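So this one's coords.txt, compact mmCIF, C-alpha atoms and all ligand atoms:
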```txt
# COMPACT_ATOMS: atom_id res chain seq x y z
CA MET A 1 29.89 78.73 -123.84
CA SER A 2 30.43 81.04 -126.77
CA GLY A 3 33.55 80.05 -128.64
CA GLU A 4 33.97 76.90 -126.54
CA THR A 5 34.48 73.37 -127.74
CA GLN A 6 32.46 70.39 -126.50
CA GLN A 7 33.73 66.89 -126.97
CA THR A 8 32.20 63.44 -126.71
CA GLY A 9 31.61 62.68 -123.08
CA GLY A 10 31.59 66.35 -122.09
CA GLN A 11 28.70 68.06 -120.36
CA GLY A 12 25.90 69.39 -122.53
CA THR A 13 24.83 72.98 -122.12
CA GLY A 14 21.75 75.13 -122.20
CA VAL A 15 21.15 78.15 -124.34
CA PRO A 16 23.72 80.71 -123.19
CA GLY A 17 22.29 82.50 -120.21
CA GLY A 18 22.11 86.23 -119.89
CA ASP A 19 21.84 87.11 -123.58
CA ALA A 20 19.16 89.73 -123.89
CA PRO A 21 17.02 89.04 -126.96
CA GLY A 22 18.86 90.35 -129.98
CA ALA A 23 21.95 91.32 -127.99
CA GLU A 24 25.34 90.54 -129.42
CA VAL A 25 27.20 87.70 -127.71
CA PRO A 26 30.07 89.55 -126.04
CA GLY A 27 33.25 89.37 -128.07
CA SER A 28 31.78 87.10 -130.74
CA GLY A 29 30.47 89.68 -133.20
CA ARG A 30 27.26 87.69 -133.59
CA ILE A 31 23.71 87.90 -132.36
CA GLY A 32 22.55 86.04 -129.23
CA PHE A 33 19.47 83.97 -128.53
CA ASP A 34 16.50 85.86 -129.95
CA THR A 35 13.19 84.14 -130.57
CA SER A 36 11.52 87.24 -132.02
CA VAL A 37 13.50 87.07 -135.28
CA ALA A 38 13.69 84.02 -137.55
CA HIS A 39 17.02 82.14 -137.58
CA SER A 40 18.00 79.75 -140.35
CA ALA A 41 18.65 76.77 -138.04
CA ARG A 42 15.17 77.01 -136.52
CA VAL A 43 13.37 77.72 -139.81
CA HIS A 44 15.13 74.70 -141.27
CA ASP A 45 14.04 72.65 -138.24
CA TYR A 46 10.44 73.79 -138.87
CA TRP A 47 10.55 72.66 -142.51
CA LEU A 48 11.95 69.30 -141.40
CA GLY A 49 9.07 68.83 -138.95
CA GLY A 50 11.15 69.46 -135.80
CA LYS A 51 10.04 71.08 -132.54
CA ASP A 52 12.88 73.53 -131.92
CA ASN A 53 11.34 76.56 -133.57
CA TYR A 54 9.34 79.63 -132.55
CA ALA A 55 6.52 81.70 -134.04
CA ALA A 56 8.93 84.01 -135.91
CA ASP A 57 10.67 81.00 -137.47
CA ARG A 58 7.37 79.45 -138.53
CA ALA A 59 6.20 82.76 -140.01
CA ALA A 60 9.37 83.04 -142.12
CA GLY A 61 9.10 79.35 -143.06
CA ASP A 62 5.49 79.80 -144.15
CA ALA A 63 6.31 82.97 -146.12
CA VAL A 64 8.91 81.01 -148.09
CA LYS A 65 6.50 78.11 -148.53
CA ALA A 66 3.88 80.47 -149.97
CA ALA A 67 6.38 81.65 -152.61
CA PHE A 68 8.00 78.27 -153.23
CA PRO A 69 5.67 75.40 -152.21
CA GLY A 70 8.44 72.89 -152.96
CA ILE A 71 10.60 74.05 -150.04
CA VAL A 72 9.86 71.09 -147.73
CA MET A 73 10.65 68.55 -150.42
CA SER A 74 13.79 70.55 -151.26
CA VAL A 75 15.19 70.54 -147.69
CA ARG A 76 14.38 66.83 -147.34
CA ALA A 77 16.17 66.09 -150.63
CA ASN A 78 19.14 68.03 -149.26
CA ARG A 79 19.23 65.90 -146.07
CA ALA A 80 19.09 62.77 -148.23
CA PHE A 81 22.00 64.16 -150.29
CA LEU A 82 23.98 64.64 -147.05
CA ALA A 83 23.40 61.01 -146.03
CA ARG A 84 24.33 59.61 -149.46
CA VAL A 85 27.51 61.65 -149.69
CA VAL A 86 28.66 60.74 -146.17
CA ARG A 87 27.98 57.07 -146.89
CA PHE A 88 30.01 57.37 -150.12
CA LEU A 89 32.90 59.13 -148.36
CA ALA A 90 33.10 56.80 -145.35
CA GLY A 91 32.58 53.74 -147.60
CA GLU A 92 33.97 53.86 -151.14
CA ALA A 93 36.28 56.86 -150.60
CA GLY A 94 37.71 55.62 -147.27
CA ILE A 95 37.42 58.99 -145.49
CA ARG A 96 37.56 58.86 -141.68
CA GLN A 97 37.47 62.57 -140.76
CA PHE A 98 34.62 65.03 -141.29
CA LEU A 99 34.35 68.76 -140.58
CA ASP A 100 30.63 69.59 -140.83
CA ILE A 101 30.15 73.38 -140.76
CA GLY A 102 26.63 74.83 -140.51
CA THR A 103 25.46 71.65 -138.80
CA GLY A 104 21.91 72.72 -137.95
CA ILE A 105 19.69 71.43 -135.16
CA PRO A 106 20.19 67.66 -134.89
CA ALA A 107 17.82 65.77 -137.20
CA ALA A 108 17.62 62.27 -138.63
CA ASN A 109 20.90 60.99 -140.12
CA ASN A 110 23.36 63.34 -138.49
CA THR A 111 26.79 63.12 -140.10
CA HIS A 112 28.46 61.03 -137.36
CA GLU A 113 25.57 58.54 -137.31
CA VAL A 114 25.82 57.91 -141.06
CA ALA A 115 29.63 57.92 -141.12
CA GLN A 116 30.01 55.62 -138.12
CA SER A 117 27.42 53.20 -139.47
CA ALA A 118 29.86 52.73 -142.37
CA ALA A 119 33.06 52.84 -140.29
CA THR A 120 32.95 53.09 -136.49
CA ASP A 121 36.31 54.89 -136.24
CA CYS A 122 35.11 58.02 -138.09
CA ARG A 123 35.86 61.31 -136.33
CA VAL A 124 33.38 64.15 -136.86
CA VAL A 125 33.65 67.79 -135.82
CA TYR A 126 30.50 69.89 -136.00
CA VAL A 127 30.54 73.70 -136.23
CA ASP A 128 27.64 76.11 -135.96
CA TYR A 129 27.18 79.62 -134.56
CA ASP A 130 23.55 79.37 -133.48
CA PRO A 131 22.94 79.19 -129.70
CA VAL A 132 20.00 76.81 -130.22
CA VAL A 133 22.22 74.37 -132.10
CA LEU A 134 24.76 74.69 -129.29
CA ALA A 135 22.02 73.87 -126.79
CA HIS A 136 21.36 70.62 -128.66
CA ALA A 137 25.00 69.71 -129.18
CA ARG A 138 24.73 66.84 -126.70
CA ALA A 139 22.76 64.87 -129.33
CA LEU A 140 25.75 65.22 -131.66
CA LEU A 141 28.23 63.97 -129.09
CA THR A 142 27.16 60.35 -129.13
CA SER A 143 30.17 58.83 -130.84
CA CYS A 144 30.96 55.14 -131.12
CA PRO A 145 33.89 54.45 -128.76
CA ALA A 146 36.17 53.75 -131.73
CA GLY A 147 35.59 57.21 -133.20
CA ALA A 148 35.00 60.70 -131.84
CA THR A 149 32.67 63.67 -132.19
CA ASP A 150 33.22 67.27 -131.21
CA TYR A 151 31.18 70.46 -131.41
CA ILE A 152 32.62 73.94 -131.94
CA ASP A 153 30.57 77.08 -131.42
CA ALA A 154 32.07 79.30 -134.11
CA ASP A 155 31.31 81.41 -137.16
CA LEU A 156 32.18 79.96 -140.55
CA ARG A 157 33.76 83.29 -141.46
CA ASP A 158 36.43 82.66 -138.82
CA VAL A 159 38.30 79.84 -140.58
CA GLY A 160 41.43 80.18 -138.43
CA LYS A 161 39.48 79.60 -135.24
CA ILE A 162 37.61 76.61 -136.71
CA THR A 163 40.71 74.82 -137.99
CA ALA A 164 42.66 75.52 -134.77
CA ARG A 165 39.86 74.06 -132.59
CA ALA A 166 39.09 71.20 -134.98
CA ALA A 167 42.74 70.13 -134.83
CA GLN A 168 42.09 68.97 -131.25
CA THR A 169 39.99 66.14 -132.73
CA LEU A 170 41.02 65.83 -136.40
CA ASP A 171 44.49 65.11 -137.77
CA PHE A 172 45.01 67.72 -140.47
CA SER A 173 47.89 65.75 -141.99
CA ARG A 174 45.31 63.16 -143.09
CA PRO A 175 42.35 63.65 -145.50
CA VAL A 176 39.29 65.47 -144.19
CA ALA A 177 35.85 65.89 -145.78
CA VAL A 178 34.91 69.54 -145.38
CA MET A 179 31.11 69.73 -145.42
CA LEU A 180 29.18 72.93 -146.16
CA ILE A 181 25.63 71.65 -146.55
CA ALA A 182 23.00 74.34 -147.11
CA VAL A 183 25.04 77.05 -145.44
CA MET A 184 26.84 79.03 -148.17
CA HIS A 185 23.61 80.79 -149.19
CA LEU A 186 23.85 82.42 -145.74
CA ILE A 187 27.26 83.87 -146.57
CA GLY A 188 26.82 86.93 -148.76
CA ASP A 189 29.35 88.10 -151.33
CA GLN A 190 30.48 90.85 -148.91
CA ASP A 191 31.92 88.09 -146.68
CA ASP A 192 34.12 86.60 -149.42
CA PRO A 193 32.51 83.13 -149.65
CA TYR A 194 35.06 81.95 -152.24
CA GLY A 195 37.94 83.06 -150.01
CA ILE A 196 36.45 81.17 -147.05
CA ILE A 197 36.40 77.94 -149.04
CA ARG A 198 39.90 78.53 -150.41
CA LYS A 199 41.18 78.90 -146.84
CA LEU A 200 39.35 75.81 -145.62
CA MET A 201 40.61 73.66 -148.47
CA ALA A 202 44.16 75.01 -148.03
CA ALA A 203 44.06 73.71 -144.42
CA VAL A 204 43.45 70.09 -145.49
CA PRO A 205 45.84 67.79 -147.38
CA ALA A 206 45.60 66.14 -150.80
CA GLY A 207 43.01 63.38 -150.74
CA SER A 208 40.50 65.59 -148.90
CA TYR A 209 37.03 66.41 -150.16
CA LEU A 210 34.70 69.42 -150.28
CA VAL A 211 30.99 68.58 -149.96
CA LEU A 212 28.76 71.52 -150.70
CA SER A 213 25.10 72.21 -151.36
CA GLN A 214 23.69 75.67 -151.89
CA VAL A 215 20.26 77.17 -152.63
CA ALA A 216 19.93 77.86 -156.37
CA SER A 217 18.99 81.10 -158.08
CA ASP A 218 18.45 79.36 -161.43
CA ILE A 219 16.14 76.48 -160.52
CA GLN A 220 12.51 77.64 -160.24
CA ALA A 221 14.11 81.08 -160.61
CA GLU A 222 11.05 83.28 -160.17
CA GLN A 223 9.70 81.43 -157.15
CA MET A 224 13.13 81.34 -155.54
CA ALA A 225 13.68 85.06 -156.03
CA GLU A 226 10.34 85.79 -154.38
CA ALA A 227 11.11 83.31 -151.57
CA ALA A 228 14.45 85.02 -150.86
CA LYS A 229 12.78 88.43 -150.80
CA ARG A 230 10.21 87.25 -148.25
CA TYR A 231 12.75 85.41 -146.11
CA ASN A 232 15.16 88.33 -146.07
CA ARG A 233 12.47 90.64 -144.73
CA LEU A 234 11.87 88.36 -141.73
CA ALA A 235 15.13 86.68 -140.81
CA HIS A 236 18.37 87.40 -139.00
CA GLU A 237 20.62 86.11 -141.81
CA THR A 238 19.82 87.10 -145.37
CA GLN A 239 19.96 84.57 -148.16
CA ALA A 240 22.15 84.83 -151.27
CA HIS A 241 20.96 82.30 -153.84
CA ARG A 242 23.53 81.37 -156.50
CA SER A 243 23.51 80.02 -160.06
CA HIS A 244 25.09 76.76 -161.22
CA ASP A 245 28.17 78.64 -162.48
CA GLU A 246 28.52 80.60 -159.25
CA VAL A 247 28.30 77.41 -157.18
CA ALA A 248 30.71 75.60 -159.54
CA ARG A 249 33.32 78.26 -158.71
CA PHE A 250 33.39 77.00 -155.11
CA PHE A 251 35.03 73.84 -156.51
CA ASP A 252 37.80 75.65 -158.39
CA GLY A 253 41.03 73.65 -158.16
CA LEU A 254 39.17 70.47 -157.13
CA GLU A 255 38.08 67.51 -159.23
CA LEU A 256 34.31 67.05 -159.19
CA VAL A 257 33.28 63.50 -158.35
CA GLU A 258 30.67 61.99 -160.72
CA PRO A 259 27.94 63.07 -161.47
CA GLY A 260 29.32 66.59 -160.91
CA LEU A 261 27.36 69.58 -159.68
CA VAL A 262 23.69 68.67 -159.98
CA PRO A 263 20.34 69.26 -158.26
CA VAL A 264 20.90 67.41 -154.95
CA GLN A 265 18.39 64.64 -155.68
CA GLN A 266 20.38 63.71 -158.81
CA TRP A 267 23.59 63.04 -156.85
CA ARG A 268 23.69 59.23 -156.88
CA PRO A 269 20.08 58.62 -155.75
CA ARG A 270 19.63 55.24 -154.08
CA SER A 271 15.97 54.74 -154.96
CA GLU A 272 13.32 55.81 -157.44
CA ALA A 273 11.71 57.91 -154.71
CA GLU A 274 14.96 59.81 -154.05
CA ALA A 275 15.49 60.43 -157.74
CA ARG A 276 11.91 61.64 -158.19
CA ALA A 277 12.26 64.32 -155.47
CA ARG A 278 12.54 67.93 -156.56
CA SER A 279 14.82 70.55 -155.04
CA ALA A 280 16.10 74.04 -155.69
CA MET A 281 19.59 73.20 -154.49
CA TRP A 282 22.86 72.52 -156.27
CA GLY A 283 25.04 69.87 -154.71
CA GLY A 284 28.42 68.37 -155.47
CA VAL A 285 31.56 66.73 -154.11
CA GLY A 286 35.05 67.92 -155.02
CA HIS A 287 38.29 65.93 -154.53
CA LYS A 288 41.55 67.67 -153.71
CA ARG A 289 44.23 65.85 -155.73
C1 LIG B 1 19.83 75.72 -143.46
S1 LIG B 1 20.67 75.14 -142.02
C2 LIG B 1 21.47 73.69 -142.68
C3 LIG B 1 21.69 72.62 -141.65
C4 LIG B 1 22.35 71.34 -142.15
N1 LIG B 1 23.67 71.58 -142.70
C5 LIG B 1 21.49 70.66 -143.18
O1 LIG B 1 21.76 70.80 -144.37
O2 LIG B 1 20.52 70.00 -142.81
C6 LIG B 1 22.01 76.30 -141.95
C7 LIG B 1 22.85 76.19 -140.68
O3 LIG B 1 24.04 76.98 -140.85
C8 LIG B 1 24.26 77.75 -139.67
N2 LIG B 1 25.00 78.97 -140.05
C9 LIG B 1 24.57 79.99 -140.82
N3 LIG B 1 25.53 80.92 -140.95
C10 LIG B 1 26.60 80.46 -140.24
C11 LIG B 1 27.89 80.97 -139.96
N4 LIG B 1 28.28 82.15 -140.46
N5 LIG B 1 28.72 80.26 -139.18
C12 LIG B 1 28.33 79.06 -138.65
N6 LIG B 1 27.11 78.52 -138.87
C13 LIG B 1 26.25 79.20 -139.66
C14 LIG B 1 22.88 78.05 -139.14
O4 LIG B 1 22.91 78.36 -137.76
C15 LIG B 1 22.15 76.75 -139.45
O5 LIG B 1 22.26 75.84 -138.38
```
Can I see the file as structure tokens?
Ligand SMILES: C[S@@+](CC[C@H](N)C(=O)[O-])C[C@H]1O[C@@H](n2cnc3c(N)ncnc32)[C@H](O)[C@@H]1O
Amino acid sequence: MSGETQQTGGQGTGVPGGDAPGAEVPGSGRIGFDTSVAHSARVHDYWLGGKDNYAADRAAGDAVKAAFPGIVMSVRANRAFLARVVRFLAGEAGIRQFLDIGTGIPAANNTHEVAQSAATDCRVVYVDYDPVVLAHARALLTSCPAGATDYIDADLRDVGKITARAAQTLDFSRPVAVMLIAVMHLIGDQDDPYGIIRKLMAAVPAGSYLVLSQVASDIQAEQMAEAAKRYNRLAHETQAHRSHDEVARFFDGLELVEPGLVPVQQWRPRSEAEARARSAMWGGVGHKR
């Protein structure tokens, strides 16, 4: 299924067969299904209390937790940020199309569930490159009949492929919310993260939005530096934490929606409990005028 698109109503799939642990998926330039090395999707699933993780993922997750005990609260605050932003976009902002890249293993409040609870005709395209996420894509393909969902197995660094496939479901002449939630820290500077976002935002028209959260280097700085060091020793993808100014540069040319680029729990919290959470993640929403 590598590189294939799945749409609502299509058949689900299993983890791609035949990939030897650690082998590259032929023609994709990325690693196959390998449970002996931690992968970000599965480590994230572990922190969120999911069941789709293996010993290597739990070891990396625990190593980070030992350096930064606030990690579980941080990833939960990030998921709550995702839900609030999608509710804002599908409600107040009137957005009906979402391109959610770096989707992760399905969890509570997946983007299409939140968006379609505000407006049933929302269309959501998910993109991830992890074979375990692909194996669970069926759970993301449960659209309301008035809307649509789609899943693309692709690498964020291949923007041309993503926009070409997403155009089968989304109308790129109308506004799209491009969502990069907790994924840009997995794109190192050598892969031109700013260029990737420029290309993505060039593909969508005025009126579109960029939603982005990224692990911080300047919140709990010492703990986060140690956490990154430990994670990078154990995981397939290395983490690049970024400062407020570095994350703000992702929004160049866009107008930041109030309250701007803030720790994720401070982005329009809906309750005292949400506001009281702590995270080491910057989050913001930019509007393309
Ligand atoms: C930390 S999880 C975040 C999941 C979800 N967005 C959330 O915030 O709950 C990062 C996800 O990005 C995916 N990812 C990492 N690098 C990627 C890349 N280059 N292309 C596509 N997906 C990527 C991982 O497989 C993983 O599912």
Restricting the calculation to all atoms listed in the file, which member of A:Tyr231, A:Phe81, A:Trp267, A:Phe250 is positioned closest to ligand LIG 1 (chain B)?
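Selected residue with least distance to ligand LIG 1 (chain B): A:Phe81.
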Residue nearest A:Ala148 - candidates A:Leu170, A:Val127, A:Leu82, A:Ala164, atoms counted: only C-alpha atoms
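That would be A:Leu170, the residue with the smallest distance to A:Ala148.
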Enumerate, in order of chain and increasing residue number, the residues of chain A with an atom no farther than 8 Å from ligand LIG 1 (chain B), each with its shortest atom pair and distance in Å to one decimal, counting all atoms listed in the file, as CSV.
```
residue,atom,partner,partner_atom,distance
A:His39,CA,B:LIG1,O4,7.0
A:Ser40,CA,B:LIG1,C15,5.2
A:Ala41,CA,B:LIG1,O5,3.7
A:Arg42,CA,B:LIG1,O5,7.4
A:Val43,CA,B:LIG1,C1,7.7
A:His44,CA,B:LIG1,C1,5.3
A:Val75,CA,B:LIG1,O2,7.2
A:Asn78,CA,B:LIG1,O1,6.2
A:Arg79,CA,B:LIG1,O2,5.4
A:Leu82,CA,B:LIG1,O1,7.1
A:Asp100,CA,B:LIG1,N1,7.5
A:Ile101,CA,B:LIG1,N6,6.3
A:Gly102,CA,B:LIG1,O3,3.4
A:Thr103,CA,B:LIG1,N1,4.3
A:Gly104,CA,B:LIG1,O5,3.2
A:Ile105,CA,B:LIG1,O5,6.0
A:Ala107,CA,B:LIG1,O2,7.5
A:Val127,CA,B:LIG1,C12,6.3
A:Asp128,CA,B:LIG1,N6,3.8
A:Tyr129,CA,B:LIG1,C12,4.3
A:Asp130,CA,B:LIG1,O4,4.4
A:Val133,CA,B:LIG1,O5,6.4
A:Asp153,CA,B:LIG1,C12,7.8
A:Ala154,CA,B:LIG1,C12,5.9
A:Asp155,CA,B:LIG1,N5,3.5
A:Leu156,CA,B:LIG1,N5,3.7
A:Arg157,CA,B:LIG1,N4,5.7
A:Leu180,CA,B:LIG1,N1,6.6
A:Ile181,CA,B:LIG1,N1,4.3
A:Ala182,CA,B:LIG1,O1,4.6
A:Val183,CA,B:LIG1,C6,4.7
A:Met184,CA,B:LIG1,N3,7.6
A:Leu186,CA,B:LIG1,N3,5.3
A:Ile187,CA,B:LIG1,N4,6.4
A:Ser213,CA,B:LIG1,O1,7.9
A:Glu237,CA,B:LIG1,N3,7.2
```
What gap, in Å, lies between atom CA of A:Leu141 and atom CA of A:Lys51?
19.8 Å
List the spatial neighbours of A:Ile197 as an MDAnalysis selection string - criterion: any atom at most 9 Å away, all atoms listed in the file, same-chain residues fewer than 4 positions off excluded.
chainID A and resid 159 192:193 201:202 210 250:251
Quick one: residues within 8 Å of A:Glu113, all atoms listed in the file, excluding same-chain residues fewer than 4 positions away - as a list in words?
Asn109, Ser117 and Ser143 of chain A
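Taking atom CA of A:Ala139 as the reference point, atom CA of A:Ala38 is found at 22.7 Å.
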Could you jot down the atom CA of A:Ala177 to atom CA of A:Tyr209 separation for me, Å, one decimal place?
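Those two atoms sit 4.6 Å apart.
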Nearest to A:Ala118, chosen from A:Asp171, A:Asp62, A:Glu92, A:Asp252, with all atoms listed in the file counted in the distances
A:Glu92
Show which residues sit within 9 Å of A:Leu256, as a count of residues only. Count only C-alpha atoms, and ignore same-chain residues fewer than 3 positions away.
8
Give the answer as one residue: which of A:Pro175, A:Asp52, A:Tyr126, A:Val64 has the shortest atom-to-atom distance to A:Ala90, using only C-alpha atoms?
A:Pro175
Nearest to A:Ala203, chosen from A:Leu99, A:Ala115, A:Ser217, A:Arg230, with all atoms listed in the file counted in the distances
A:Leu99
Adding 8 Å on each side of the box along x, y and z that holds all listed atoms of stretch 105-111 of chain A, could you give its centre and edge lengths in Å to one decimal, as JSON?
```
{"center_x": 22.2, "center_y": 66.2, "center_z": -137.5, "size_x": 25.2, "size_y": 26.4, "size_z": 21.2}
```
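Distance annotation: of A:Arg123, A:Lys288, A:Arg276, A:Lys161, the residue with the minimal separation from A:Leu254 is A:Lys288; atom set is all atoms listed in the file.
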Who sits within 7 Å of A:Phe68, all atoms listed in the file, same chain under 4 positions skipped, as an MDAnalysis selection string:
chainID A and resid 64 223:224 227
Same residues, C-alpha atoms, output as a PDB file, in the coordinates of the input:
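Output (out33.pdb):
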```
ATOM      1  CA  VAL A  64       8.910  81.010-148.090  1.00  0.00           C
ATOM      2  CA  GLN A 223       9.700  81.430-157.150  1.00  0.00           C
ATOM      3  CA  MET A 224      13.130  81.340-155.540  1.00  0.00           C
ATOM      4  CA  ALA A 227      11.110  83.310-151.570  1.00  0.00           C
TER       5      ALA A 227
END
```
For stretch 180-205 of chain A, supply N, CA and C atoms and format the output as a PDB file, keeping the file's coordinate frame.
```
ATOM      1  N   LEU A 180      29.897  71.645-146.245  1.00  0.00           N
ATOM      2  CA  LEU A 180      29.180  72.930-146.160  1.00  0.00           C
ATOM      3  C   LEU A 180      27.813  72.684-146.805  1.00  0.00           C
ATOM      4  N   ILE A 181      26.919  72.096-146.017  1.00  0.00           N
ATOM      5  CA  ILE A 181      25.630  71.650-146.550  1.00  0.00           C
ATOM      6  C   ILE A 181      24.591  72.709-146.218  1.00  0.00           C
ATOM      7  N   ALA A 182      24.066  73.324-147.264  1.00  0.00           N
ATOM      8  CA  ALA A 182      23.000  74.340-147.110  1.00  0.00           C
ATOM      9  C   ALA A 182      23.407  75.450-146.155  1.00  0.00           C
ATOM     10  N   VAL A 183      24.618  75.933-146.295  1.00  0.00           N
ATOM     11  CA  VAL A 183      25.040  77.050-145.440  1.00  0.00           C
ATOM     12  C   VAL A 183      25.617  78.213-146.266  1.00  0.00           C
ATOM     13  N   MET A 184      26.180  77.947-147.447  1.00  0.00           N
ATOM     14  CA  MET A 184      26.840  79.030-148.170  1.00  0.00           C
ATOM     15  C   MET A 184      25.869  80.101-148.666  1.00  0.00           C
ATOM     16  N   HIS A 185      24.584  79.757-148.777  1.00  0.00           N
ATOM     17  CA  HIS A 185      23.610  80.790-149.190  1.00  0.00           C
ATOM     18  C   HIS A 185      23.400  81.802-148.065  1.00  0.00           C
ATOM     19  N   LEU A 186      23.941  81.486-146.870  1.00  0.00           N
ATOM     20  CA  LEU A 186      23.850  82.420-145.740  1.00  0.00           C
ATOM     21  C   LEU A 186      25.122  83.258-145.614  1.00  0.00           C
ATOM     22  N   ILE A 187      26.030  83.074-146.528  1.00  0.00           N
ATOM     23  CA  ILE A 187      27.260  83.870-146.570  1.00  0.00           C
ATOM     24  C   ILE A 187      27.189  84.732-147.829  1.00  0.00           C
ATOM     25  N   GLY A 188      26.962  86.021-147.619  1.00  0.00           N
ATOM     26  CA  GLY A 188      26.820  86.930-148.760  1.00  0.00           C
ATOM     27  C   GLY A 188      28.160  87.228-149.405  1.00  0.00           C
ATOM     28  N   ASP A 189      28.113  87.823-150.600  1.00  0.00           N
ATOM     29  CA  ASP A 189      29.350  88.100-151.330  1.00  0.00           C
ATOM     30  C   ASP A 189      30.263  89.051-150.552  1.00  0.00           C
ATOM     31  N   GLN A 190      29.673  89.903-149.700  1.00  0.00           N
ATOM     32  CA  GLN A 190      30.480  90.850-148.910  1.00  0.00           C
ATOM     33  C   GLN A 190      31.398  90.126-147.924  1.00  0.00           C
ATOM     34  N   ASP A 191      31.095  88.846-147.632  1.00  0.00           N
ATOM     35  CA  ASP A 191      31.920  88.090-146.680  1.00  0.00           C
ATOM     36  C   ASP A 191      32.891  87.138-147.376  1.00  0.00           C
ATOM     37  N   ASP A 192      33.106  87.353-148.662  1.00  0.00           N
ATOM     38  CA  ASP A 192      34.120  86.600-149.420  1.00  0.00           C
ATOM     39  C   ASP A 192      33.925  85.082-149.320  1.00  0.00           C
ATOM     40  N   PRO A 193      32.764  84.580-149.766  1.00  0.00           N
ATOM     41  CA  PRO A 193      32.510  83.130-149.650  1.00  0.00           C
ATOM     42  C   PRO A 193      33.556  82.273-150.371  1.00  0.00           C
ATOM     43  N   TYR A 194      34.059  82.760-151.498  1.00  0.00           N
ATOM     44  CA  TYR A 194      35.060  81.950-152.240  1.00  0.00           C
ATOM     45  C   TYR A 194      36.374  81.897-151.465  1.00  0.00           C
ATOM     46  N   GLY A 195      36.717  83.019-150.825  1.00  0.00           N
ATOM     47  CA  GLY A 195      37.940  83.060-150.010  1.00  0.00           C
ATOM     48  C   GLY A 195      37.848  82.129-148.820  1.00  0.00           C
ATOM     49  N   ILE A 196      36.649  82.060-148.205  1.00  0.00           N
ATOM     50  CA  ILE A 196      36.450  81.170-147.050  1.00  0.00           C
ATOM     51  C   ILE A 196      36.738  79.722-147.454  1.00  0.00           C
ATOM     52  N   ILE A 197      36.214  79.334-148.608  1.00  0.00           N
ATOM     53  CA  ILE A 197      36.400  77.940-149.040  1.00  0.00           C
ATOM     54  C   ILE A 197      37.854  77.690-149.442  1.00  0.00           C
ATOM     55  N   ARG A 198      38.465  78.684-150.084  1.00  0.00           N
ATOM     56  CA  ARG A 198      39.900  78.530-150.410  1.00  0.00           C
ATOM     57  C   ARG A 198      40.704  78.279-149.143  1.00  0.00           C
ATOM     58  N   LYS A 199      40.423  79.057-148.094  1.00  0.00           N
ATOM     59  CA  LYS A 199      41.180  78.900-146.840  1.00  0.00           C
ATOM     60  C   LYS A 199      40.927  77.522-146.219  1.00  0.00           C
ATOM     61  N   LEU A 200      39.674  77.115-146.207  1.00  0.00           N
ATOM     62  CA  LEU A 200      39.350  75.810-145.620  1.00  0.00           C
ATOM     63  C   LEU A 200      40.061  74.683-146.365  1.00  0.00           C
ATOM     64  N   MET A 201      40.035  74.747-147.696  1.00  0.00           N
ATOM     65  CA  MET A 201      40.610  73.660-148.470  1.00  0.00           C
ATOM     66  C   MET A 201      42.144  73.710-148.458  1.00  0.00           C
ATOM     67  N   ALA A 202      42.695  74.907-148.163  1.00  0.00           N
ATOM     68  CA  ALA A 202      44.160  75.010-148.030  1.00  0.00           C
ATOM     69  C   ALA A 202      44.607  74.353-146.722  1.00  0.00           C
ATOM     70  N   ALA A 203      43.692  74.263-145.745  1.00  0.00           N
ATOM     71  CA  ALA A 203      44.060  73.710-144.420  1.00  0.00           C
ATOM     72  C   ALA A 203      44.056  72.187-144.416  1.00  0.00           C
ATOM     73  N   VAL A 204      43.535  71.561-145.471  1.00  0.00           N
ATOM     74  CA  VAL A 204      43.450  70.090-145.490  1.00  0.00           C
ATOM     75  C   VAL A 204      44.347  69.535-146.603  1.00  0.00           C
ATOM     76  N   PRO A 205      44.872  68.311-146.417  1.00  0.00           N
ATOM     77  CA  PRO A 205      45.840  67.790-147.380  1.00  0.00           C
ATOM     78  C   PRO A 205      45.203  67.188-148.635  1.00  0.00           C
TER      79      PRO A 205
END
```
